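Asker: What follows is structure.tsv; its format and atoms are TSV, C-alpha atoms.
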chain	number	residue	atom	x	y	z
A	27	PRO	CA	-151.98	107.58	-126.02
A	28	ASN	CA	-148.57	107.78	-127.69
A	29	GLY	CA	-149.09	105.09	-130.30
A	30	ALA	CA	-150.42	101.64	-131.06
A	31	ASN	CA	-149.22	98.79	-128.87
A	32	TRP	CA	-149.97	95.10	-128.39
A	33	PHE	CA	-148.68	91.93	-126.77
A	34	GLU	CA	-146.91	89.12	-128.62
A	35	ASN	CA	-145.97	85.72	-127.17
A	36	LEU	CA	-147.54	86.41	-123.80
A	37	TRP	CA	-147.88	83.58	-121.23
A	38	ILE	CA	-150.07	83.88	-118.12
A	39	GLU	CA	-149.53	80.65	-116.27
A	40	ASN	CA	-149.80	78.96	-112.84
A	41	ASN	CA	-151.38	81.85	-110.94
A	42	VAL	CA	-153.91	81.77	-108.10
A	43	VAL	CA	-156.28	84.74	-108.00
A	44	LYS	CA	-158.72	85.03	-105.09
A	45	ARG	CA	-161.38	87.50	-103.98
A	46	VAL	CA	-161.01	90.33	-106.48
A	47	ALA	CA	-163.66	93.00	-107.01
A	48	ARG	CA	-163.91	92.77	-110.78
A	49	THR	CA	-161.90	90.53	-113.16
A	50	GLY	CA	-159.24	87.96	-112.38
A	51	ILE	CA	-157.28	87.90	-115.67
A	52	TRP	CA	-158.07	90.50	-118.35
A	53	VAL	CA	-156.28	90.71	-121.72
A	54	PHE	CA	-157.76	93.42	-123.94
A	55	SER	CA	-156.75	96.55	-125.85
A	56	LYS	CA	-157.81	100.10	-126.65
A	57	TRP	CA	-156.26	99.69	-130.13
A	58	THR	CA	-158.83	97.24	-131.52
A	59	ASN	CA	-161.77	99.41	-132.52
A	60	ARG	CA	-163.46	97.37	-135.27
A	61	PRO	CA	-166.94	95.99	-135.96
A	62	GLY	CA	-168.07	94.33	-132.75
A	63	CYS	CA	-165.45	96.00	-130.56
A	64	ASP	CA	-166.68	99.57	-130.71
A	65	TRP	CA	-164.20	101.43	-128.55
A	66	GLY	CA	-160.58	102.44	-128.88
A	67	TYR	CA	-158.08	104.96	-130.16
A	68	ASN	CA	-157.28	103.41	-133.53
A	69	HIS	CA	-158.76	104.61	-136.81
A	70	TYR	CA	-160.00	101.36	-138.31
A	71	VAL	CA	-159.63	100.88	-142.07
A	72	ASP	CA	-159.66	97.08	-142.24
A	73	ASP	CA	-158.02	94.20	-140.39
A	74	GLU	CA	-154.69	94.95	-142.10
A	75	HIS	CA	-154.74	98.73	-141.59
A	76	GLY	CA	-155.51	100.63	-138.41
A	77	TYR	CA	-156.12	97.54	-136.28
A	78	TYR	CA	-153.64	96.27	-133.67
A	79	HIS	CA	-154.56	92.95	-132.09
A	80	HIS	CA	-152.50	90.85	-129.68
A	81	LYS	CA	-150.67	87.81	-131.05
A	82	ASN	CA	-150.04	84.40	-129.49
A	83	VAL	CA	-151.44	84.69	-125.96
A	84	ILE	CA	-151.47	81.66	-123.67
A	85	ILE	CA	-153.59	81.57	-120.48
A	86	ARG	CA	-152.87	78.26	-118.79
A	87	LYS	CA	-153.17	76.46	-115.43
A	88	ASN	CA	-154.61	79.37	-113.47
A	89	GLU	CA	-157.00	79.04	-110.55
A	90	LEU	CA	-159.54	81.81	-110.01
A	91	LEU	CA	-161.78	81.85	-106.95
A	92	GLN	CA	-164.45	84.43	-106.11
A	93	THR	CA	-164.11	87.09	-108.77
A	94	GLY	CA	-166.60	89.92	-108.44
A	95	GLY	CA	-167.12	89.88	-112.21
A	96	ASP	CA	-165.41	87.69	-114.81
A	97	ALA	CA	-162.69	85.16	-114.06
A	98	ILE	CA	-160.77	85.18	-117.38
A	99	VAL	CA	-161.33	87.41	-120.42
A	100	MET	CA	-159.27	87.12	-123.61
A	101	GLY	CA	-160.02	89.91	-126.06
A	102	ALA	CA	-158.59	91.03	-129.40
A	103	VAL	CA	-156.19	88.08	-129.64
A	104	TRP	CA	-155.21	86.32	-132.86
A	105	GLY	CA	-153.71	82.96	-132.00
A	106	GLY	CA	-154.19	81.83	-128.41
A	107	TRP	CA	-154.84	79.05	-125.93
A	108	ILE	CA	-157.03	79.02	-122.84
A	109	GLU	CA	-156.41	75.69	-121.15
A	110	ASN	CA	-156.40	73.88	-117.80
A	111	ASN	CA	-157.86	76.87	-115.95
A	112	THR	CA	-160.42	76.78	-113.15
A	113	SER	CA	-163.08	79.41	-112.43
A	114	TYR	CA	-165.18	79.07	-109.26
A	115	TYR	CA	-167.71	81.61	-108.01
A	116	ALA	CA	-167.37	84.24	-110.74
A	117	GLN	CA	-169.71	87.27	-110.47
A	118	TYR	CA	-170.19	86.51	-106.78
A	119	LEU	CA	-170.72	90.21	-105.95
A	120	GLY	CA	-173.86	90.21	-108.09
A	121	ARG	CA	-173.88	93.84	-109.25
A	122	SER	CA	-177.09	94.98	-110.88
A	123	GLY	CA	-176.65	95.77	-114.59
A	124	TYR	CA	-173.33	93.92	-114.95
A	125	TYR	CA	-172.95	91.02	-117.38
A	126	ASN	CA	-170.21	88.57	-116.47
A	127	ALA	CA	-169.28	84.96	-117.13
A	128	GLY	CA	-166.54	82.64	-115.97
A	129	ILE	CA	-164.12	82.26	-118.90
A	130	TRP	CA	-164.67	83.92	-122.28
A	131	THR	CA	-163.33	85.46	-125.46
A	132	HIS	CA	-164.26	88.61	-127.40
A	133	SER	CA	-163.09	89.63	-130.90
A	134	CYS	CA	-160.59	86.77	-131.15
A	135	ARG	CA	-159.41	84.58	-133.99
A	136	ASN	CA	-157.84	81.12	-133.93
A	137	VAL	CA	-158.18	80.37	-130.22
A	138	VAL	CA	-158.48	76.98	-128.49
A	139	PHE	CA	-160.33	76.50	-125.20
A	140	GLN	CA	-159.60	73.11	-123.66
A	141	PHE	CA	-159.57	71.27	-120.32
A	142	ASN	CA	-161.04	74.21	-118.40
A	143	GLU	CA	-163.56	74.00	-115.58
A	144	ALA	CA	-166.06	76.80	-114.88
A	145	ALA	CA	-168.46	76.35	-112.00
A	146	TYR	CA	-170.70	78.14	-109.48
A	147	THR	CA	-170.95	81.36	-111.50
A	148	TYR	CA	-173.56	83.63	-109.92
A	149	LYS	CA	-176.51	85.42	-111.51
A	150	ARG	CA	-178.16	87.40	-108.74
A	151	ASN	CA	-179.32	90.91	-107.82
A	152	ASN	CA	-180.28	91.72	-111.43
A	153	ALA	CA	-176.83	90.85	-112.76
A	154	GLY	CA	-176.80	89.29	-116.24
A	155	ASP	CA	-175.26	86.35	-118.11
A	156	GLY	CA	-173.85	84.12	-115.35
A	157	GLN	CA	-172.69	81.32	-117.67
A	158	GLY	CA	-169.60	79.25	-117.07
A	159	PHE	CA	-168.19	80.04	-120.52
A	160	ASP	CA	-168.86	82.55	-123.29
A	161	ILE	CA	-167.78	82.79	-126.93
A	162	ASP	CA	-168.72	86.41	-127.33
A	163	ILE	CA	-168.88	89.06	-130.05
A	164	GLY	CA	-166.70	88.83	-133.15
A	165	ASN	CA	-165.00	85.46	-132.64
A	166	THR	CA	-163.82	83.34	-135.57
A	167	ASP	CA	-162.02	80.00	-135.83
A	168	ILE	CA	-162.61	78.99	-132.22
A	169	THR	CA	-162.25	75.41	-130.95
A	170	PHE	CA	-163.97	74.69	-127.64
A	171	ARG	CA	-163.30	71.13	-126.45
A	172	TYR	CA	-162.94	68.99	-123.31
A	173	ASN	CA	-164.30	71.68	-120.99
A	174	TYR	CA	-166.56	71.20	-117.97
A	175	ALA	CA	-169.31	73.69	-117.03
A	176	HIS	CA	-171.36	72.84	-113.98
A	177	HIS	CA	-173.56	74.49	-111.34
A	178	ASN	CA	-173.57	77.88	-113.08
A	179	GLU	CA	-176.66	79.94	-112.35
A	180	GLY	CA	-176.76	81.45	-115.86
A	181	GLY	CA	-176.19	78.22	-117.78
A	182	GLY	CA	-173.34	76.39	-119.47
A	183	ILE	CA	-172.10	78.54	-122.36
A	184	LEU	CA	-173.17	81.82	-123.95
A	185	LEU	CA	-172.80	82.34	-127.70
A	186	CYS	CA	-173.55	85.90	-128.77
A	187	ASN	CA	-172.95	88.42	-131.53
A	188	PHE	CA	-174.27	91.99	-131.65
A	189	SER	CA	-174.38	94.76	-134.24
A	190	THR	CA	-172.88	98.16	-133.40
A	191	GLU	CA	-172.40	101.55	-134.99
A	192	MET	CA	-169.01	101.72	-136.68
A	193	THR	CA	-166.91	104.53	-138.13
A	194	PHE	CA	-164.53	103.58	-140.93
A	195	TYR	CA	-161.47	105.65	-141.83
A	196	ASN	CA	-159.27	106.14	-144.85
A	197	VAL	CA	-155.61	105.20	-144.56
A	198	ASP	CA	-154.74	108.90	-144.07
A	199	GLY	CA	-156.97	109.02	-140.97
A	200	THR	CA	-159.90	110.94	-142.44
A	201	VAL	CA	-163.41	109.60	-141.94
A	202	LYS	CA	-164.64	107.40	-144.78
A	203	GLU	CA	-168.15	106.57	-143.51
A	204	THR	CA	-170.21	105.77	-140.44
A	205	VAL	CA	-172.39	102.69	-140.64
A	206	ALA	CA	-175.44	102.69	-138.36
A	207	GLU	CA	-175.41	98.95	-137.64
A	208	ILE	CA	-172.83	96.38	-138.63
A	209	ALA	CA	-172.07	93.01	-137.09
A	210	PRO	CA	-168.62	91.45	-136.83
A	211	ASP	CA	-167.75	88.07	-138.25
A	212	TRP	CA	-168.72	85.26	-135.86
A	213	SER	CA	-168.00	81.98	-137.62
A	214	ASN	CA	-166.19	78.65	-137.74
A	215	VAL	CA	-166.79	77.83	-134.09
A	216	VAL	CA	-166.66	74.19	-132.99
A	217	VAL	CA	-168.00	73.01	-129.62
A	218	ARG	CA	-167.26	69.31	-129.10
A	219	ASN	CA	-166.52	66.76	-126.39
A	220	ASN	CA	-167.58	68.99	-123.48
A	221	VAL	CA	-169.68	68.31	-120.39
A	222	PHE	CA	-172.46	70.65	-119.23
A	223	ALA	CA	-173.98	69.46	-115.95
A	224	ASP	CA	-176.38	70.76	-113.30
A	225	ASN	CA	-176.49	74.34	-114.59
A	226	ASP	CA	-179.53	76.35	-113.51
A	227	GLU	CA	-180.33	77.55	-117.05
A	228	ALA	CA	-179.77	76.23	-120.58
A	229	ALA	CA	-176.58	74.45	-121.53
A	230	PHE	CA	-176.40	76.67	-124.66
A	231	ASP	CA	-177.66	80.27	-124.75
A	232	VAL	CA	-177.54	81.87	-128.22
A	233	VAL	CA	-178.32	85.62	-128.35
A	234	GLY	CA	-177.64	88.76	-130.37
A	235	THR	CA	-178.51	90.88	-133.37
A	236	GLY	CA	-175.60	89.66	-135.50
A	237	ASP	CA	-175.23	86.40	-137.41
A	238	ILE	CA	-173.76	83.26	-135.90
A	239	ARG	CA	-172.45	81.20	-138.82
A	240	ASN	CA	-170.73	77.86	-139.37
A	241	PHE	CA	-171.35	76.72	-135.81
A	242	THR	CA	-170.70	73.02	-135.11
A	243	VAL	CA	-171.89	71.24	-131.97
A	244	GLU	CA	-171.03	67.57	-131.56
A	245	ASN	CA	-170.45	64.83	-129.01
A	246	ASN	CA	-171.20	66.95	-125.93
A	247	THR	CA	-172.79	65.60	-122.76
Would it be possible to restate this file's structure as structure tokens?
Answerer:
Amino acid sequence: PNGANWFENLWIENNVVKRVARTGIWVFSKWTNRPGCDWGYNHYVDDEHGYYHHKNVIIRKNELLQTGGDAIVMGAVWGGWIENNTSYYAQYLGRSGYYNAGIWTHSCRNVVFQFNEAAYTYKRNNAGDGQGFDIDIGNTDITFRYNYAHHNEGGGILLCNFSTEMTFYNVDGTVKETVAEIAPDWSNVVVRNNVFADNDEAAFDVVGTGDIRNFTVENNT
């Protein structure tokens, strides 16, 4: 890699994605190595030094049908919207050892999910997860509202946070320390006014070795 890079003010809107082998829409980065996102080229010092997240990403009004893995993944984004999207038949290829969901975020901050529908996500042939939605590792300040998850084989929504080994660096790029297990911040998540219907497993699936803090659930059906 030649140097750090990221997206700002990115809109992904009004697309139809059908019958893909892996992921329909994928926004991620190799420059976001930090607790909970343990891969990348950057030498992480803290969130202000050696960390290069995307900024202001909008994923809106997309239709995703039959994705072999995930439908929509937003990762390493600070400030974003995922709204009015539809995911049908995610993870339909059912690969053993793969863990996919319909629409989800990873290592994001200040993101709103709203008015999305995720349905008919598969969980077969020893594949994992299979939920309609997922608020995954290292998410903070997430609002999840007015979404509809139905007929997903793995359940309605996954909420997870895991510890990982993490190397910290000094500003000059030399190694400061390696921590055997550290969990990212997963906090200030609100799930309200959603509908979870006719899913084969639990509406809410909470897993992981890291803390899930300041989690509000209210007025869901």
Asker: Excluding stretch 127-137 of chain A and any residue of its chain fewer than 4 positions from it, enumerate the residues within 8 Å of it, using all atoms listed in the file, and give them as a ChimeraX atom specification.
Answerer: /A:62-63,95-108,113-114,116-117,144-145,147,155-169
Asker: To one decimal place in Å, what is the distance between atom CA of A:Ser213 and atom CA of A:Phe170?
Answerer: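 Rounded to one decimal, the two atoms are 13.0 Å apart.
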Asker: Near A:Tyr172, within 6 Å and counting only C-alpha atoms, which residues show up once chain neighbours fewer than 3 positions away are dropped, as an mmCIF file with C-alpha atoms, keeping the file's coordinate frame?
Answerer:
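Everything below was put into part-v7.cif:
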data_model
loop_
_atom_site.group_PDB
_atom_site.id
_atom_site.type_symbol
_atom_site.label_atom_id
_atom_site.label_comp_id
_atom_site.auth_asym_id
_atom_site.auth_seq_id
_atom_site.Cartn_x
_atom_site.Cartn_y
_atom_site.Cartn_z
ATOM 1 C CA GLN A 140 -159.600 73.110 -123.660
ATOM 2 C CA PHE A 141 -159.570 71.270 -120.320
ATOM 3 C CA ASN A 219 -166.520 66.760 -126.390
ATOM 4 C CA ASN A 220 -167.580 68.990 -123.480
#
Asker: In Å, rounded to a single decimal, give me how far atom CA of A:Val217 is from atom CA of A:Leu184.
Answerer: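 Between atom CA of A:Leu184 and atom CA of A:Val217 the gap is 11.7 Å.
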Asker: Just to confirm, what's the straight-line distance from atom CA of A:Tyr115 to atom CA of A:Leu91 in Å (one decimal)?
Answerer: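 Pair atom CA of A:Tyr115 / atom CA of A:Leu91 returns 6.0 Å.
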Asker: Extract, using all atoms listed in the file, all DNA, RNA and protein residues at most 12 Å from stretch 223-225 of chain A, discarding same-chain residues fewer than 5 positions from it, and format them as an mmCIF file with C-alpha atoms, in the frame of the given file.
Answerer:
data_model
loop_
_atom_site.group_PDB
_atom_site.id
_atom_site.type_symbol
_atom_site.label_atom_id
_atom_site.label_comp_id
_atom_site.auth_asym_id
_atom_site.auth_seq_id
_atom_site.Cartn_x
_atom_site.Cartn_y
_atom_site.Cartn_z
ATOM 1 C CA GLU A 143 -163.560 74.000 -115.580
ATOM 2 C CA ALA A 144 -166.060 76.800 -114.880
ATOM 3 C CA ALA A 145 -168.460 76.350 -112.000
ATOM 4 C CA TYR A 146 -170.700 78.140 -109.480
ATOM 5 C CA THR A 147 -170.950 81.360 -111.500
ATOM 6 C CA TYR A 148 -173.560 83.630 -109.920
ATOM 7 C CA LYS A 149 -176.510 85.420 -111.510
ATOM 8 C CA GLY A 156 -173.850 84.120 -115.350
ATOM 9 C CA GLN A 157 -172.690 81.320 -117.670
ATOM 10 C CA GLY A 158 -169.600 79.250 -117.070
ATOM 11 C CA PHE A 159 -168.190 80.040 -120.520
ATOM 12 C CA ASN A 173 -164.300 71.680 -120.990
ATOM 13 C CA TYR A 174 -166.560 71.200 -117.970
ATOM 14 C CA ALA A 175 -169.310 73.690 -117.030
ATOM 15 C CA HIS A 176 -171.360 72.840 -113.980
ATOM 16 C CA HIS A 177 -173.560 74.490 -111.340
ATOM 17 C CA ASN A 178 -173.570 77.880 -113.080
ATOM 18 C CA GLU A 179 -176.660 79.940 -112.350
ATOM 19 C CA GLY A 180 -176.760 81.450 -115.860
ATOM 20 C CA GLY A 181 -176.190 78.220 -117.780
ATOM 21 C CA GLY A 182 -173.340 76.390 -119.470
ATOM 22 C CA ILE A 183 -172.100 78.540 -122.360
ATOM 23 C CA PHE A 230 -176.400 76.670 -124.660
ATOM 24 C CA ASP A 231 -177.660 80.270 -124.750
ATOM 25 C CA ASN A 246 -171.200 66.950 -125.930
ATOM 26 C CA THR A 247 -172.790 65.600 -122.760
#
Asker: Here is a test: counting all atoms listed in the file, which residue of A:Asn187, A:Ala206, A:Phe139, A:Met192 is nearest to A:Arg239?
Answerer: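 Using all atoms listed in the file, the shortest distance to A:Arg239 belongs to A:Asn187.
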Asker: Go through A:Leu119, A:Ala30, A:Ala228, A:Val205 and flag the residue nearest A:Tyr67, using only C-alpha atoms for the distances.
Answerer: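 That would be A:Ala30, the residue with the smallest distance to A:Tyr67.
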Asker: Can you pull out every residue within 7 Å of stretch 41-45 of chain A, counting all atoms listed in the file, but drop anything in the same chain fewer than 3 positions away, and send it as a list in words?
Answerer: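 Those residues are Gly50, Asn88, Glu89, Leu90, Leu91, Gln92 and Thr93 of chain A.
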Asker: Which residue, A:Thr235, A:Thr58, A:Ser189, A:Thr242, has the smallest gap to A:Tyr70 when you use all atoms listed in the file?
Answerer: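 Under the stated criterion, the closest residue is A:Thr58.
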Asker: Could you check which of A:Gly76, A:Gly66, A:Gly94, A:Pro61 is closest to A:Tyr195, using all atoms listed in the file?
Answerer: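 Of all the options, A:Gly76 lies closest to A:Tyr195.
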Asker: Check the smallest atom-to-atom distance from each of A:Gly236, A:Asn152, A:Leu36, A:His79 to A:Tyr125 using only C-alpha atoms, then report the winner.
Answerer: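 Counting only C-alpha atoms, the residue closest to A:Tyr125 is A:Asn152.
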